[in-house]
Protein chains: 2
Amino acid sequence: MKKNSVSVGIIGFGTVGSGTAHILITSADVIRERTGFAVELKRIADLDVTRDRGVKLPAGMLTTDPAAVIDDPDIDIVIELMGGIHPAKEFMIRAIRNGKHVVTANKALLATEGNELFAEAERAGVEIGFEASVAGGIPIIKVLREGLIANRIIAVYGIINGTSNYIFTKMSDEKVEFSEALKEAQRLGYAEADPAFDIEGIDSAHKLTILASLAYGIPLSYNEVYKEGITRITAQDIAFAAELGYKVKLLAITKATNEGIEMRVHPTMVPNEYLISKVDGVFNAVYVQGDAVGATLYYGRGAGDMPTGSAVVADIIDIGRNVMCGSTRRIPGIPGFVKPGAAAKKIKKMDDVESMYYFRFSAFDEPGVLSRISGILGNYNISIASVIQKGRSIGGSVPVVVLAHRSREKDVLSALREIDALPVVSEKTLFIRVEDSKE
Amino acid sequence: MKKNSVSVGIIGFGTVGSGTAHILITSADVIRERTGFAVELKRIADLDVTRDRGVKLPAGMLTTDPAAVIDDPDIDIVIELMGGIHPAKEFMIRAIRNGKHVVTANKALLATEGNELFAEAERAGVEIGFEASVAGGIPIIKVLREGLIANRIIAVYGIINGTSNYIFTKMSDEKVEFSEALKEAQRLGYAEADPAFDIEGIDSAHKLTILASLAYGIPLSYNEVYKEGITRITAQDIAFAAELGYKVKLLAITKATNEGIEMRVHPTMVPNEYLISKVDGVFNAVYVQGDAVGATLYYGRGAGDMPTGSAVVADIIDIGRNVMCGSTRRIPGIPGFVKPGAAAKKIKKMDDVESMYYFRFSAFDEPGVLSRISGILGNYNISIASVIQKGRSIGGSVPVVVLAHRSREKDVLSALREIDALPVVSEKTLFIRVEDSKE
């Protein structure tokens with residue numbers, strides 16, 4: 001008898017779990033109309049089975065026992081939405097070894113333990129769906145694995161942490177400092193009480209790890225991602241950036257270069273003319289440049305119960321279609337390639353990365369300061385594109401802003417070490433990398 | 001023996017045909033690394049086998065005989081890139097009846113004859129790939145059929161004709177009139193010598209027909225799409241729109257409403273804050289709003305050999321994967337739904353569409369003109385949001401610009417008929433519909 005439904009169970013009934021359950025229940029008709037089969041939500045496991053999540057569930061669906069999902073022989077797909085590394089990893093492995101497909105939104109787990117998990121899935125002949133792990137509702141995983149498959153990927157630039165983007169947008173629109181913008185983000189529920197994952201670039205780095213594997217067919221390499229948070233950036237820097245024609249965004253960047261693959265997350269200045277500079281608030285966007293397709297951009301909500309649930313359910317249906325027609329593992333998991341390519345798969349060291357740079361020097365207001373700074377920059381082959389020096393302080397320090405042409409990270413760090421040691425320099429120099437295709 | 005390659009043949013070696021061949025030849029390694037199988041380009045048929053397209057082909061690949069592609073038993077997938085309705089339709093049907101899958105970029109053919117073609121494909125148990133038919137390299141077909149499948153689609157707004165968007169961008173940036181912008185588009189090769197398909201909204205309507213079928217599971221209904229071109233819009237209107245905080249774009253719109261599905265293509269004013277208003281030049285973008293995912297946007301090049309070739313090759317690989325694992329027709333063709341849904345599938349008449357409106361009245365400079373115009377508007381329940389009236393002519397006519405709150409198309413047309421018959425009105429009133437979620 002031909003199967004005409006797939007059964008799923010959810011582990012983790014938090015924000016995304018509720019959104020997923022909500023969609024599966026209220027859009028069951030839509031799913032059936034479009035696919036010809038039903039997705040049956042059988043069981044939801046969570047430690048808390050009493051809190052009201054605003055989703056009406058049939059009696060007996062909720063359980064505190066994850067084994068009731070993982071070990072149920074009738075469940076085809078286990079949806080892991082509990083987050084964290086342990087015991088999510090162990091649950092996932094057990095489900096895989098039980099021959100179940102897994103769908104997850106857990107970027108931290110995939111980025112750090114994913115190579116092992118994908119190998120387990122390959123051995124067991126099951127799939128791991130992970131559309132929801134990057135950029136919430138934006139189907140960027142599908143775009144990279146299928147939509148743009150004919151392309152050599154030249155670069156991926158992502159605004160993939162809504163909290164940081166909200167903070168920068170708020171700082172830019174309302175001229176407030178980081179701490180105030182963060183407080184507002186926390187008040188609105190966009191940032192956790194411990195916001196480190198978001199504002200230190202860790203969450204973006206997890207997601208970038210996944211994107212880079214798909215783009216370049218490399219194993220998940222979280223430890224090789226350079227990451228730098230947004231906490232150093234001041235409202236003043238955002239204003240100077242605006243004056244120079246740029247917006248400041250926390251970008252996750254992966255690029256293919258002759259010297260290897262770049263993987264880096266840091267505050268970045270992008271020209272006002274770039275569409276990605278207009279992506280504001282908690283929204284996410286991923287810019288993908290392919291050798292055939294050229295510039296493309298994908299925009300939407302990167303978090304939230306329903307947007308992320310939209311991605312989880314898309315994965316369930318994708319796997320469901322494979323179950324229906326016996327084409328499991330139709331598309332390889334991670335790394336994105338079936339066999340390692342001929343292309344260089346070396347990861348480039350951050351020291352060797354080149355870009356334009358924005359510097360804000362804090363110098364005592366004395367004659368000759370700019371000439372000493374620019375002298376040192378020159379010694380390291382860092383050439384100046386423009387300078388902003390304004391106002392005069394009385395005996396205090398003034399900001400000197402310099403935009404430098406394309407330079408090497410290693411040279412920049414060396415030059416700044418020398419400059420910051422000058423007696424006329426009053427504070428550690430603030431720098432922001434600048435992505436501008438004009439250079 | 002397990003197959004480890006698919007064979008393809010191309011009919012039509014024009015712009016997109018060359019791009020497709022170029023990708024298949026120069027990225028054969030990438031395709032094999034990512035999928036584990038090879039795509040073998042066997043034959044290309046075109047009437048002209050001598051012109052240099054900049055693609056190096058093995059000897060004997062080019063033929064003037066389409067039957068050498070369509071009837072070759074070794075070819076799995078026929079790529080139809082000749083364009084036009086006949087004989088493309090007949091070739092496609094013959095290929096389908098020969099048991100071959102078809103990939104096409106031919107929106108005109110699909111929009112007008114597609115219901116028959118998709119029925120043929122269903123009968124023959126083959127697939128029609130049509131990613132390249134809408135928005136060039138942007139994988140919008142895959143996004144609607146797969147990425148956002150968990151969503152009830154609320155609305156789709158597309159800038160899906162690069163020529164028109166180039167013309168509006170040029171008129172806006174350089175304050176030139178339509179005819180001059182069109183001439184420049186033709187000079188740059190963005191517009192055909194006969195630009196009617198682009199500037200009359202026909203091309204956008206073809207593409208919208210396809211998007212609406214996928215979004216709402218309705219048969220292709222090109223004849224029910226309302227279409228209006230961009231030729232009436234003047235540089236003055238674009239300047240007034242800017243003054244009111246809007247950009248003018250040729251939008252293809254499909255929406256689900258209680259009174260049925262809207263399908264319409266016309267110049268539209270969109271608020272400056274909307275990301276889609278920033279899509280300039282020949283670029284395309286499709287905004288999709290789903291009930292779960294919320295607002296999303298997809299941006300990229302809507303035409304050109306390589307971007308469109310990127311979409312064609314993605315389809316080839318998608319079908320190739322199905323061939324490899326025996327999962328042909330894993331995803332239904334058009335209409336996008338396996339079975340007609342319970343949702344209302346009625347197409348809404350343009351008369352019943354509601355939106356905000358921009359009017360530019362041309363009136364003789366006499367006292368009481370505005371009161372007579374606004375009186376008639378009021379009689380038809382059209383209420384005024386704002387007015388711009390500037391300058392005075394000496395005895396001549398002056399433009400009076402009115403932005404009206406949400407009104408019904410039918411009422412607007414009736415009111416304009418009365419207004420345009422007034423002796424004080426010197427010219428037919430120009431109106432532009434306004435999409436603004438604030439109303």
# chains A, B, ... in the order shown; residues from 1 in each chain; ligands from 1
>>> interface_residues(of="chain A", to="chain B", cutoff="6 Å", atoms="only C-alpha atoms", output="CSV table (one decimal) with C-alpha atoms, in the first residue's frame")
chain,number,residue,atom,x,y,z
A,33,GLU,CA,-3.6,20.3,-1.3
A,34,ARG,CA,-0.1,21.2,-2.5
A,35,THR,CA,1.7,17.9,-1.9
A,36,GLY,CA,-1.0,15.2,-2.1
A,137,GLY,CA,12.2,32.0,7.1
A,139,PRO,CA,15.0,29.7,2.1
A,147,GLY,CA,18.6,27.3,-6.9
A,149,ILE,CA,23.7,25.0,-8.0
A,150,ALA,CA,25.0,25.9,-11.5
A,292,ALA,CA,26.7,32.9,-13.7
A,293,VAL,CA,23.8,34.5,-11.9
A,295,ALA,CA,24.4,39.5,-7.7
A,296,THR,CA,21.4,38.1,-5.9
A,297,LEU,CA,19.8,38.9,-2.5
A,298,TYR,CA,17.3,37.1,-0.2
A,299,TYR,CA,15.5,39.1,2.5
A,300,GLY,CA,13.1,38.2,5.3
A,306,MET,CA,6.2,31.5,12.5
A,307,PRO,CA,9.0,32.5,10.1
A,310,SER,CA,7.8,28.1,7.9
A,313,VAL,CA,7.8,22.8,7.7
A,314,ALA,CA,9.3,23.3,4.3
A,325,CYS,CA,8.8,8.6,-3.9
A,327,SER,CA,14.3,9.3,-3.1
A,337,PHE,CA,29.4,18.6,-2.5
A,338,VAL,CA,29.2,14.9,-3.2
A,339,LYS,CA,32.9,14.7,-3.8
A,341,GLY,CA,36.2,19.5,-5.7
>>> residues_around(residues="Asn223 in chain A", least_positions_apart="5", cutoff="10 Å", atoms="only C-alpha atoms", output="list in words")
Ala111, Thr112, Ala205, His206 and Thr209 of chain A
>>> residues_around(residues="Gly245 in chain B", least_positions_apart="6", cutoff="9 Å", atoms="only C-alpha atoms", output="ChimeraX atom specification")
/B:270-273
>>> select_by_dssp(residues="range 130-218 of chain B", states="helix (DSSP H, G or I)", output="VMD selection string")
chain B and resid 131 to 133 140 to 147 162 to 174 178 to 187 196 to 199 202 to 216
>>> select_by_dssp(residues="range 3-82 of chain A", states="strand (DSSP E)", output="PyMOL selection string")
chain A and resi 5-11+38-45+62-63+77-80
>>> residues_around(residues="range 156-168 of chain A", least_positions_apart="6", cutoff="8 Å", atoms="only C-alpha atoms", output="number ranges by chain")
A: 134-135, 178, 181-182, 185, 190-191, 198-199, 203-204, 207-208, 230, 248-255, 280-289, 302-303
>>> write_last_selection(atoms="N, CA and C atoms", output="short mmCIF file (atom, residue, chain, number, x, y, z; two decimals), in the first residue's frame")
data_model
loop_
_atom_site.label_atom_id
_atom_site.label_comp_id
_atom_site.auth_asym_id
_atom_site.auth_seq_id
_atom_site.Cartn_x
_atom_site.Cartn_y
_atom_site.Cartn_z
N VAL A 134 19.54 28.76 9.41
CA VAL A 134 20.14 30.01 8.94
C VAL A 134 19.06 30.93 8.38
N ALA A 135 19.03 32.16 8.89
CA ALA A 135 18.16 33.21 8.32
C ALA A 135 16.67 32.88 8.40
N PHE A 178 25.35 52.13 21.90
CA PHE A 178 25.14 50.68 21.90
C PHE A 178 24.34 50.19 23.11
N ALA A 181 20.66 50.93 22.90
CA ALA A 181 20.01 50.15 21.85
C ALA A 181 19.85 48.69 22.29
N LEU A 182 20.87 48.18 22.97
CA LEU A 182 20.80 46.80 23.47
C LEU A 182 19.66 46.66 24.48
N ALA A 185 16.48 46.45 22.72
CA ALA A 185 16.34 45.13 22.07
C ALA A 185 15.91 44.08 23.09
N TYR A 190 14.00 40.95 21.55
CA TYR A 190 14.87 40.59 20.43
C TYR A 190 16.21 40.04 20.91
N ALA A 191 16.60 40.43 22.13
CA ALA A 191 17.89 39.97 22.65
C ALA A 191 17.66 39.22 23.95
N ASP A 198 24.60 36.80 20.33
CA ASP A 198 24.21 37.72 19.27
C ASP A 198 25.24 38.82 19.05
N ILE A 199 25.62 39.51 20.11
CA ILE A 199 26.42 40.73 19.93
C ILE A 199 27.92 40.45 19.81
N ASP A 203 26.58 33.76 17.07
CA ASP A 203 25.43 33.22 16.33
C ASP A 203 25.64 33.38 14.83
N SER A 204 26.10 34.55 14.40
CA SER A 204 26.37 34.75 12.98
C SER A 204 27.43 33.79 12.48
N LYS A 207 26.05 30.35 11.83
CA LYS A 207 25.29 30.29 10.57
C LYS A 207 26.23 30.38 9.36
N LEU A 208 27.24 31.24 9.47
CA LEU A 208 28.19 31.36 8.37
C LEU A 208 28.90 30.04 8.10
N ILE A 230 29.95 43.52 18.05
CA ILE A 230 29.55 44.87 17.67
C ILE A 230 29.68 45.87 18.82
N VAL A 248 26.82 50.87 8.75
CA VAL A 248 27.56 49.83 9.49
C VAL A 248 26.63 48.65 9.74
N LYS A 249 27.04 47.46 9.35
CA LYS A 249 26.24 46.24 9.52
C LYS A 249 27.14 45.15 10.08
N LEU A 250 26.57 44.24 10.87
CA LEU A 250 27.34 43.05 11.25
C LEU A 250 27.20 42.06 10.10
N LEU A 251 28.26 41.90 9.33
CA LEU A 251 28.20 41.00 8.17
C LEU A 251 28.93 39.70 8.45
N ALA A 252 28.32 38.61 7.99
CA ALA A 252 28.99 37.32 7.94
C ALA A 252 29.41 37.12 6.49
N ILE A 253 30.70 36.96 6.28
CA ILE A 253 31.25 36.97 4.93
C ILE A 253 31.98 35.66 4.64
N THR A 254 31.67 35.05 3.51
CA THR A 254 32.54 33.98 3.02
C THR A 254 32.78 34.23 1.54
N LYS A 255 34.03 34.07 1.14
CA LYS A 255 34.45 34.44 -0.22
C LYS A 255 35.47 33.43 -0.70
N ASP A 280 17.00 46.74 7.43
CA ASP A 280 16.98 47.36 8.75
C ASP A 280 16.21 46.53 9.77
N GLY A 281 16.38 46.93 11.03
CA GLY A 281 15.65 46.28 12.12
C GLY A 281 16.05 44.83 12.28
N VAL A 282 15.09 44.00 12.68
CA VAL A 282 15.42 42.59 12.95
C VAL A 282 15.48 41.75 11.68
N PHE A 283 15.26 42.36 10.52
CA PHE A 283 15.28 41.59 9.28
C PHE A 283 16.67 41.06 8.95
N ASN A 284 16.69 39.94 8.26
CA ASN A 284 17.91 39.33 7.77
C ASN A 284 17.97 39.47 6.25
N ALA A 285 19.17 39.37 5.71
CA ALA A 285 19.31 39.29 4.26
C ALA A 285 20.62 38.59 3.95
N VAL A 286 20.62 37.83 2.89
CA VAL A 286 21.84 37.18 2.44
C VAL A 286 22.06 37.56 0.99
N TYR A 287 23.23 38.12 0.72
CA TYR A 287 23.63 38.47 -0.63
C TYR A 287 24.51 37.34 -1.13
N VAL A 288 24.18 36.80 -2.28
CA VAL A 288 24.99 35.72 -2.86
C VAL A 288 25.40 36.13 -4.25
N GLN A 289 26.70 36.06 -4.50
CA GLN A 289 27.20 36.38 -5.83
C GLN A 289 27.71 35.11 -6.48
N GLY A 302 14.52 36.71 10.16
CA GLY A 302 15.52 35.71 10.52
C GLY A 302 15.20 34.95 11.78
N ALA A 303 14.10 35.28 12.42
CA ALA A 303 13.77 34.61 13.67
C ALA A 303 12.27 34.71 13.90
#
>>> decode(residues="range 32-89 of chain A", atoms="C-alpha atoms", output="mmCIF file, in the first residue's frame")
data_model
loop_
_atom_site.group_PDB
_atom_site.id
_atom_site.type_symbol
_atom_site.label_atom_id
_atom_site.label_comp_id
_atom_site.auth_asym_id
_atom_site.auth_seq_id
_atom_site.Cartn_x
_atom_site.Cartn_y
_atom_site.Cartn_z
ATOM 1 C CA ARG A 32 -2.290 18.268 1.640
ATOM 2 C CA GLU A 33 -3.614 20.293 -1.318
ATOM 3 C CA ARG A 34 -0.134 21.153 -2.473
ATOM 4 C CA THR A 35 1.676 17.863 -1.909
ATOM 5 C CA GLY A 36 -0.987 15.181 -2.090
ATOM 6 C CA PHE A 37 0.071 13.738 1.268
ATOM 7 C CA ALA A 38 -0.568 14.554 4.896
ATOM 8 C CA VAL A 39 1.951 15.501 7.560
ATOM 9 C CA GLU A 40 0.729 14.044 10.833
ATOM 10 C CA LEU A 41 2.027 15.604 14.016
ATOM 11 C CA LYS A 42 2.078 12.690 16.455
ATOM 12 C CA ARG A 43 3.940 13.706 19.560
ATOM 13 C CA ILE A 44 5.621 16.732 21.136
ATOM 14 C CA ALA A 45 8.152 16.275 23.923
ATOM 15 C CA ASP A 46 9.109 19.056 26.332
ATOM 16 C CA LEU A 47 10.021 19.242 29.993
ATOM 17 C CA ASP A 48 7.211 21.741 30.484
ATOM 18 C CA VAL A 49 3.857 20.295 29.442
ATOM 19 C CA THR A 50 1.649 22.776 31.223
ATOM 20 C CA ARG A 51 2.538 26.264 29.939
ATOM 21 C CA ASP A 52 0.117 27.636 27.351
ATOM 22 C CA ARG A 53 1.858 28.274 24.013
ATOM 23 C CA GLY A 54 -1.294 29.444 22.276
ATOM 24 C CA VAL A 55 -1.475 26.271 20.167
ATOM 25 C CA LYS A 56 -4.422 23.932 20.623
ATOM 26 C CA LEU A 57 -3.175 20.349 20.755
ATOM 27 C CA PRO A 58 -5.164 17.117 20.882
ATOM 28 C CA ALA A 59 -5.113 15.415 24.290
ATOM 29 C CA GLY A 60 -2.118 13.165 24.867
ATOM 30 C CA MET A 61 0.114 14.817 22.282
ATOM 31 C CA LEU A 62 2.411 16.429 24.826
ATOM 32 C CA THR A 63 4.875 14.288 26.729
ATOM 33 C CA THR A 64 7.850 14.931 28.966
ATOM 34 C CA ASP A 65 9.616 11.877 27.551
ATOM 35 C CA PRO A 66 11.797 12.534 24.492
ATOM 36 C CA ALA A 67 11.992 8.767 23.926
ATOM 37 C CA ALA A 68 8.294 8.859 23.086
ATOM 38 C CA VAL A 69 9.343 10.768 19.979
ATOM 39 C CA ILE A 70 12.807 9.415 19.238
ATOM 40 C CA ASP A 71 11.966 5.742 19.699
ATOM 41 C CA ASP A 72 8.416 5.656 18.328
ATOM 42 C CA PRO A 73 8.595 3.295 15.332
ATOM 43 C CA ASP A 74 5.683 5.119 13.679
ATOM 44 C CA ILE A 75 7.467 8.468 13.535
ATOM 45 C CA ASP A 76 9.271 9.132 10.237
ATOM 46 C CA ILE A 77 10.795 12.512 11.013
ATOM 47 C CA VAL A 78 12.059 13.872 14.335
ATOM 48 C CA ILE A 79 12.012 17.661 14.630
ATOM 49 C CA GLU A 80 14.721 18.804 17.030
ATOM 50 C CA LEU A 81 13.867 22.285 18.311
ATOM 51 C CA MET A 82 15.210 22.170 21.865
ATOM 52 C CA GLY A 83 18.433 24.030 21.064
ATOM 53 C CA GLY A 84 21.777 23.755 22.822
ATOM 54 C CA ILE A 85 24.427 21.111 22.278
ATOM 55 C CA HIS A 86 23.584 18.480 24.877
ATOM 56 C CA PRO A 87 21.395 16.492 24.997
ATOM 57 C CA ALA A 88 20.190 17.675 21.563
ATOM 58 C CA LYS A 89 23.146 15.948 19.934
#
